[in-house]
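So the structure is just underneath, and the comments pick up after that.
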Amino acid sequence: MRLRVPPEAAGTRLDRFIADHLGSRAAAERAVEAGALVDGEPRAKSHRLEGGEEVELQAAEEETAAPAPEPPPVAWEDEHLLVVDKPAGLVVHPGAGRSAGTLVDALAGRVAGGDDPSRPGIVHRLDRDTSGLMVVARTQEAFERLSQLVRRRALERTYSALVHGRPRSRAGRIEAPIGRDRDDPTRISLASDAARDAVTHFEVDRLWPDRALLRVRLETGRMHQIRVHLAAIELPVVGDRVYGVRDERLARQFLHASRLAFPHPFTGARVDVESELPPDLRAYLDALSRDS
């Protein structure tokens with residue numbers, strides 16, 4: 001879709017302009033995330049238009065009917081929130097090319113809260129092919145309080161990541177702002193005109209001649225942060241077909257949200273949940289150990 005910005009729209013934010021044409025702010029945000037271009041250049045949703053530009057929206061991929069997914073295992077719950085163990089391959093919420101068959105559909109009737117009715121209860125996300133733990137709100141008040149924890153960086157998220165190469169140290173901290181790549185808006189990178197601060201910590205859990213299993217902790221939670229940061233220090237995630245190196249023995253990236261800890265947003269009691277590696281990742285490690 002191509003839209004010409006009229007002179008009277010000068011000074012309007014990009015997301016507001018798109019929302020006026022698509023009918024909702026949520027649809028506009030998804031369009032920007034999918035790679036909206038202004039005169040051929042990716043821009044942040046807060047970009048102010050001048051009038052006369054051409055705004056190009058990426059066409060949504062053709063959808064196929066998606067069956068209702070099975071509810072994921074619940075690792076912890078009370079009347080305020082759920083901690084679920086998301087399987088790989090499950091999209092968290094509706095977006096470009098996917099309006100059904102998501103985690104939100106699997107949890108229908110059990111989650112609530114937030115300004116976007118297509119994303120009830122969602123305060124943070126996992127990539128489709130990343131498995132592991134997510135906390136989801138069950139009420140509006142829980143959503144607001146969990147969102148405050150995220151903003152305060154009080155949500156402790158630890159991942160298991162298998163990478164190509166051998167780290168130069170047993171532990172490290174990666175601090176590098178990331179955002180949509182200035183040349184390819186479908187990718188996240190350090191070469192961005194709209195980069196936001198991002199901090200990742202890692203330590204070595206296990207080593208092989210040309211692989212390393214890392215424990216990775218997020219200080220911030222940007223899109224694709226772990227995958228981009230590890231690739232930037234020449235430790236790409238195994239099986240990552242966008243930022244890493246393909247591996248035909250693994251159908252997705254070796255990335256699992258293995259631990260989630262936070263103070264309960266109502267009681268203050270510590271919630272600390274762990275998830276074991278799923279069978280596909282365990283099998284890959286077993287084969288790697290046998291071959292080494």
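Labels used: A, B, ... for chains in the order of the structure tokens, numbers from 1 for residues in each chain, and numbers from 1 for ligands as shown.
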
Quick one: residues within 10 Å of A:Phe262, only C-alpha atoms counted, chain neighbours fewer than 6 positions away excluded, as a ChimeraX atom specification?
/A:135,146,149-150,153-157,268-273

Who sits within 10 Å of stretch 245-252 of chain A, only C-alpha atoms, same chain under 6 positions skipped, as a PyMOL selection string:
chain A and resi 88-89+128-131+163-164+231+235-239+280-281+283-284+287

Generate the output file for the selected residues, C-alpha atoms, as a PDB file, in the first residue's frame.
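Okay, part.pdb is ready:
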```
ATOM      1  CA  ALA A  88       8.820 -23.062  19.705  1.00  0.00           C
ATOM      2  CA  GLY A  89       6.778 -22.281  16.598  1.00  0.00           C
ATOM      3  CA  ARG A 128       8.096 -17.405  17.348  1.00  0.00           C
ATOM      4  CA  ASP A 129      10.963 -19.909  17.291  1.00  0.00           C
ATOM      5  CA  THR A 130      12.194 -19.172  20.812  1.00  0.00           C
ATOM      6  CA  SER A 131      10.762 -21.438  23.480  1.00  0.00           C
ATOM      7  CA  VAL A 163      26.468 -20.276  19.808  1.00  0.00           C
ATOM      8  CA  HIS A 164      29.032 -20.894  17.077  1.00  0.00           C
ATOM      9  CA  ALA A 231      26.094 -12.086  16.373  1.00  0.00           C
ATOM     10  CA  LEU A 235      29.061 -15.661  18.556  1.00  0.00           C
ATOM     11  CA  PRO A 236      25.962 -16.202  16.374  1.00  0.00           C
ATOM     12  CA  VAL A 237      23.188 -18.399  17.730  1.00  0.00           C
ATOM     13  CA  VAL A 238      23.147 -21.905  16.263  1.00  0.00           C
ATOM     14  CA  GLY A 239      20.252 -22.420  13.856  1.00  0.00           C
ATOM     15  CA  ASP A 280      14.771 -30.847  20.261  1.00  0.00           C
ATOM     16  CA  LEU A 281      17.457 -28.773  21.981  1.00  0.00           C
ATOM     17  CA  ALA A 283      18.785 -33.961  21.466  1.00  0.00           C
ATOM     18  CA  TYR A 284      21.052 -31.501  19.642  1.00  0.00           C
ATOM     19  CA  ALA A 287      24.487 -35.380  19.447  1.00  0.00           C
TER      20      ALA A 287
END
```

Which one of A:Leu255, A:Asp127, A:Pro265, A:Gln140 sits closest to A:Arg222 if you count only C-alpha atoms?
A:Asp127

Looking only at the backbone, which of the residues in stretch 17-49 of chain A does DSSP tag as alpha helix (DSSP H), as a list in words?
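Result set for stretch 17-49 of chain A (alpha helix (DSSP H)): Phe17, Ile18, Ala19, Asp20, His21, Leu22, Arg25, Ala26, Ala27, Ala28, Glu29, Arg30, Ala31, Val32 and Glu33 of chain A.
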
Residue selection dump (N, CA, C and O atoms) as a PDB file, in the first residue's frame:
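Once everything was written out, this is part04.pdb:
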```pdb
ATOM      1  N   PHE A  17      -0.617   9.097  11.272  1.00  0.00           N
ATOM      2  CA  PHE A  17      -1.032   9.167   9.868  1.00  0.00           C
ATOM      3  C   PHE A  17      -1.480   7.794   9.368  1.00  0.00           C
ATOM      4  O   PHE A  17      -2.529   7.659   8.721  1.00  0.00           O
ATOM      5  N   ILE A  18      -0.695   6.756   9.698  1.00  0.00           N
ATOM      6  CA  ILE A  18      -1.048   5.403   9.262  1.00  0.00           C
ATOM      7  C   ILE A  18      -2.332   4.939   9.931  1.00  0.00           C
ATOM      8  O   ILE A  18      -3.197   4.318   9.302  1.00  0.00           O
ATOM      9  N   ALA A  19      -2.484   5.255  11.233  1.00  0.00           N
ATOM     10  CA  ALA A  19      -3.692   4.855  11.965  1.00  0.00           C
ATOM     11  C   ALA A  19      -4.948   5.444  11.343  1.00  0.00           C
ATOM     12  O   ALA A  19      -5.998   4.796  11.288  1.00  0.00           O
ATOM     13  N   ASP A  20      -4.844   6.676  10.851  1.00  0.00           N
ATOM     14  CA  ASP A  20      -6.003   7.309  10.215  1.00  0.00           C
ATOM     15  C   ASP A  20      -6.448   6.542   8.976  1.00  0.00           C
ATOM     16  O   ASP A  20      -7.630   6.547   8.626  1.00  0.00           O
ATOM     17  N   HIS A  21      -5.502   5.865   8.311  1.00  0.00           N
ATOM     18  CA  HIS A  21      -5.832   5.124   7.093  1.00  0.00           C
ATOM     19  C   HIS A  21      -6.195   3.672   7.379  1.00  0.00           C
ATOM     20  O   HIS A  21      -7.029   3.096   6.682  1.00  0.00           O
ATOM     21  N   LEU A  22      -5.589   3.080   8.414  1.00  0.00           N
ATOM     22  CA  LEU A  22      -5.847   1.667   8.704  1.00  0.00           C
ATOM     23  C   LEU A  22      -6.960   1.466   9.717  1.00  0.00           C
ATOM     24  O   LEU A  22      -7.446   0.345   9.889  1.00  0.00           O
ATOM     25  N   ARG A  25      -4.844   2.387  16.052  1.00  0.00           N
ATOM     26  CA  ARG A  25      -3.450   2.587  16.443  1.00  0.00           C
ATOM     27  C   ARG A  25      -2.694   1.261  16.454  1.00  0.00           C
ATOM     28  O   ARG A  25      -1.518   1.186  16.096  1.00  0.00           O
ATOM     29  N   ALA A  26      -3.394   0.179  16.882  1.00  0.00           N
ATOM     30  CA  ALA A  26      -2.750  -1.134  16.933  1.00  0.00           C
ATOM     31  C   ALA A  26      -2.324  -1.577  15.540  1.00  0.00           C
ATOM     32  O   ALA A  26      -1.209  -2.078  15.340  1.00  0.00           O
ATOM     33  N   ALA A  27      -3.216  -1.374  14.550  1.00  0.00           N
ATOM     34  CA  ALA A  27      -2.874  -1.747  13.175  1.00  0.00           C
ATOM     35  C   ALA A  27      -1.705  -0.913  12.671  1.00  0.00           C
ATOM     36  O   ALA A  27      -0.837  -1.409  11.945  1.00  0.00           O
ATOM     37  N   ALA A  28      -1.670   0.368  13.057  1.00  0.00           N
ATOM     38  CA  ALA A  28      -0.573   1.236  12.635  1.00  0.00           C
ATOM     39  C   ALA A  28       0.751   0.773  13.228  1.00  0.00           C
ATOM     40  O   ALA A  28       1.778   0.744  12.538  1.00  0.00           O
ATOM     41  N   GLU A  29       0.760   0.388  14.503  1.00  0.00           N
ATOM     42  CA  GLU A  29       1.999  -0.062  15.136  1.00  0.00           C
ATOM     43  C   GLU A  29       2.510  -1.329  14.462  1.00  0.00           C
ATOM     44  O   GLU A  29       3.713  -1.490  14.237  1.00  0.00           O
ATOM     45  N   ARG A  30       1.588  -2.229  14.128  1.00  0.00           N
ATOM     46  CA  ARG A  30       2.008  -3.458  13.449  1.00  0.00           C
ATOM     47  C   ARG A  30       2.573  -3.142  12.066  1.00  0.00           C
ATOM     48  O   ARG A  30       3.531  -3.778  11.623  1.00  0.00           O
ATOM     49  N   ALA A  31       1.991  -2.140  11.400  1.00  0.00           N
ATOM     50  CA  ALA A  31       2.490  -1.756  10.078  1.00  0.00           C
ATOM     51  C   ALA A  31       3.891  -1.176  10.176  1.00  0.00           C
ATOM     52  O   ALA A  31       4.759  -1.464   9.341  1.00  0.00           O
ATOM     53  N   VAL A  32       4.153  -0.351  11.200  1.00  0.00           N
ATOM     54  CA  VAL A  32       5.487   0.216  11.384  1.00  0.00           C
ATOM     55  C   VAL A  32       6.489  -0.899  11.703  1.00  0.00           C
ATOM     56  O   VAL A  32       7.602  -0.935  11.176  1.00  0.00           O
ATOM     57  N   GLU A  33       6.072  -1.847  12.572  1.00  0.00           N
ATOM     58  CA  GLU A  33       6.950  -2.962  12.922  1.00  0.00           C
ATOM     59  C   GLU A  33       7.278  -3.817  11.696  1.00  0.00           C
ATOM     60  O   GLU A  33       8.372  -4.367  11.578  1.00  0.00           O
TER      61      GLU A  33
END
```

Exercise: stretch 178-193 of chain A partners within 10 Å, only C-alpha atoms, chain neighbours under 2 positions left out, as a list of chain:residue names
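In the requested format, the answer is A:Val32, A:Glu33, A:Ala34, A:Gly35, A:Ala36, A:Leu37, A:Gly40, A:Glu41, A:Pro42, A:Arg43, A:Ala44, A:Glu175, A:Ala176, A:Ala195, A:Arg196, A:Asp197, A:Ala198, A:Val199, A:Arg222, A:Met223, A:His224, A:Gln225, A:Arg227, A:Val228, A:His229, A:Ala231, A:Ala232, A:Val242, A:Tyr243.
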
For those residues, write N, CA, C and O atoms to a file as a tab-separated table (two decimals), in the first residue's frame.
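Result went into out35.tsv, see below:
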```
chain	number	residue	atom	x	y	z
A	32	VAL	N	4.15	-0.35	11.20
A	32	VAL	CA	5.49	0.22	11.38
A	32	VAL	C	6.49	-0.90	11.70
A	32	VAL	O	7.60	-0.93	11.18
A	33	GLU	N	6.07	-1.85	12.57
A	33	GLU	CA	6.95	-2.96	12.92
A	33	GLU	C	7.28	-3.82	11.70
A	33	GLU	O	8.37	-4.37	11.58
A	34	ALA	N	6.32	-3.93	10.78
A	34	ALA	CA	6.54	-4.75	9.58
A	34	ALA	C	7.44	-4.05	8.56
A	34	ALA	O	7.87	-4.67	7.59
A	35	GLY	N	7.72	-2.74	8.77
A	35	GLY	CA	8.65	-2.05	7.90
A	35	GLY	C	8.04	-0.97	7.04
A	35	GLY	O	8.18	-1.00	5.80
A	36	ALA	N	7.34	-0.01	7.66
A	36	ALA	CA	6.80	1.12	6.90
A	36	ALA	C	7.95	2.01	6.43
A	36	ALA	O	8.89	2.27	7.18
A	37	LEU	N	7.87	2.48	5.18
A	37	LEU	CA	8.91	3.31	4.61
A	37	LEU	C	8.35	4.69	4.27
A	37	LEU	O	7.21	4.82	3.82
A	40	GLY	N	10.95	5.68	0.79
A	40	GLY	CA	11.91	4.59	0.66
A	40	GLY	C	12.80	4.36	1.85
A	40	GLY	O	13.63	3.45	1.82
A	41	GLU	N	12.66	5.15	2.92
A	41	GLU	CA	13.52	5.02	4.09
A	41	GLU	C	12.70	4.58	5.30
A	41	GLU	O	11.61	5.09	5.53
A	42	PRO	N	13.22	3.61	6.11
A	42	PRO	CA	12.51	3.23	7.33
A	42	PRO	C	12.54	4.37	8.34
A	42	PRO	O	13.57	5.04	8.50
A	43	ARG	N	11.43	4.60	9.00
A	43	ARG	CA	11.35	5.66	9.99
A	43	ARG	C	10.70	5.14	11.27
A	43	ARG	O	9.89	4.22	11.23
A	44	ALA	N	11.04	5.77	12.39
A	44	ALA	CA	10.41	5.42	13.66
A	44	ALA	C	8.96	5.88	13.65
A	44	ALA	O	8.58	6.79	12.91
A	175	GLU	N	26.86	-4.00	25.62
A	175	GLU	CA	26.05	-2.78	25.68
A	175	GLU	C	26.14	-2.10	24.33
A	175	GLU	O	27.17	-1.51	23.98
A	176	ALA	N	25.08	-2.22	23.54
A	176	ALA	CA	25.08	-1.66	22.19
A	176	ALA	C	23.64	-1.38	21.77
A	176	ALA	O	22.82	-2.30	21.70
A	195	ALA	N	17.96	3.59	16.95
A	195	ALA	CA	18.46	2.63	17.93
A	195	ALA	C	18.06	3.01	19.35
A	195	ALA	O	18.02	4.19	19.70
A	196	ARG	N	17.76	1.99	20.15
A	196	ARG	CA	17.45	2.18	21.58
A	196	ARG	C	18.46	1.40	22.40
A	196	ARG	O	19.01	0.39	21.95
A	197	ASP	N	18.73	1.87	23.62
A	197	ASP	CA	19.74	1.23	24.44
A	197	ASP	C	19.38	-0.23	24.68
A	197	ASP	O	18.22	-0.60	24.81
A	198	ALA	N	20.40	-1.09	24.70
A	198	ALA	CA	20.21	-2.52	24.89
A	198	ALA	C	21.42	-3.08	25.60
A	198	ALA	O	22.56	-2.80	25.22
A	199	VAL	N	21.17	-3.89	26.64
A	199	VAL	CA	22.25	-4.46	27.45
A	199	VAL	C	21.98	-5.95	27.65
A	199	VAL	O	20.89	-6.35	28.07
A	222	ARG	N	14.80	-5.68	24.04
A	222	ARG	CA	14.52	-5.22	22.69
A	222	ARG	C	14.24	-6.42	21.76
A	222	ARG	O	14.68	-7.54	22.04
A	223	MET	N	13.56	-6.14	20.67
A	223	MET	CA	13.29	-7.18	19.69
A	223	MET	C	14.58	-7.80	19.18
A	223	MET	O	15.51	-7.10	18.80
A	224	HIS	N	14.64	-9.15	19.21
A	224	HIS	CA	15.77	-9.92	18.69
A	224	HIS	C	17.09	-9.58	19.39
A	224	HIS	O	18.17	-9.83	18.85
A	225	GLN	N	17.03	-9.03	20.59
A	225	GLN	CA	18.23	-8.49	21.24
A	225	GLN	C	19.34	-9.52	21.40
A	225	GLN	O	20.50	-9.24	21.04
A	227	ARG	N	19.90	-12.38	19.89
A	227	ARG	CA	20.41	-12.87	18.60
A	227	ARG	C	21.31	-11.82	17.93
A	227	ARG	O	22.37	-12.15	17.40
A	228	VAL	N	20.89	-10.56	17.98
A	228	VAL	CA	21.68	-9.49	17.36
A	228	VAL	C	22.96	-9.23	18.13
A	228	VAL	O	24.05	-9.10	17.55
A	229	HIS	N	22.87	-9.14	19.47
A	229	HIS	CA	24.05	-8.85	20.27
A	229	HIS	C	25.10	-9.96	20.16
A	229	HIS	O	26.31	-9.68	20.02
A	231	ALA	N	25.51	-12.12	17.72
A	231	ALA	CA	26.09	-12.09	16.37
A	231	ALA	C	27.11	-10.96	16.25
A	231	ALA	O	28.13	-11.09	15.56
A	232	ALA	N	26.86	-9.84	16.95
A	232	ALA	CA	27.75	-8.69	16.86
A	232	ALA	C	29.12	-8.97	17.47
A	232	ALA	O	30.11	-8.32	17.09
A	242	VAL	N	18.44	-15.87	10.44
A	242	VAL	CA	18.48	-14.44	10.11
A	242	VAL	C	19.81	-13.82	10.51
A	242	VAL	O	20.48	-13.16	9.72
A	243	TYR	N	20.23	-14.03	11.76
A	243	TYR	CA	21.45	-13.39	12.26
A	243	TYR	C	22.58	-14.38	12.50
A	243	TYR	O	23.72	-13.96	12.75
```

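Shortest atom-to-atom contact with A:Val55 among A:Leu214, A:Val74, A:Leu162, A:Leu14: A:Leu14, counting only C-alpha atoms.
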
Using atom CA of A:Asp286 and atom CA of A:Arg217 as the two end points, give the distance in Å to one decimal.
24.0 Å

I'd like the interatomic distance between atom CA of A:Arg241 and atom CA of A:Val104, to a tenth of an Å.
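Atom CA of A:Val104 lies at a distance of 25.5 Å from atom CA of A:Arg241.
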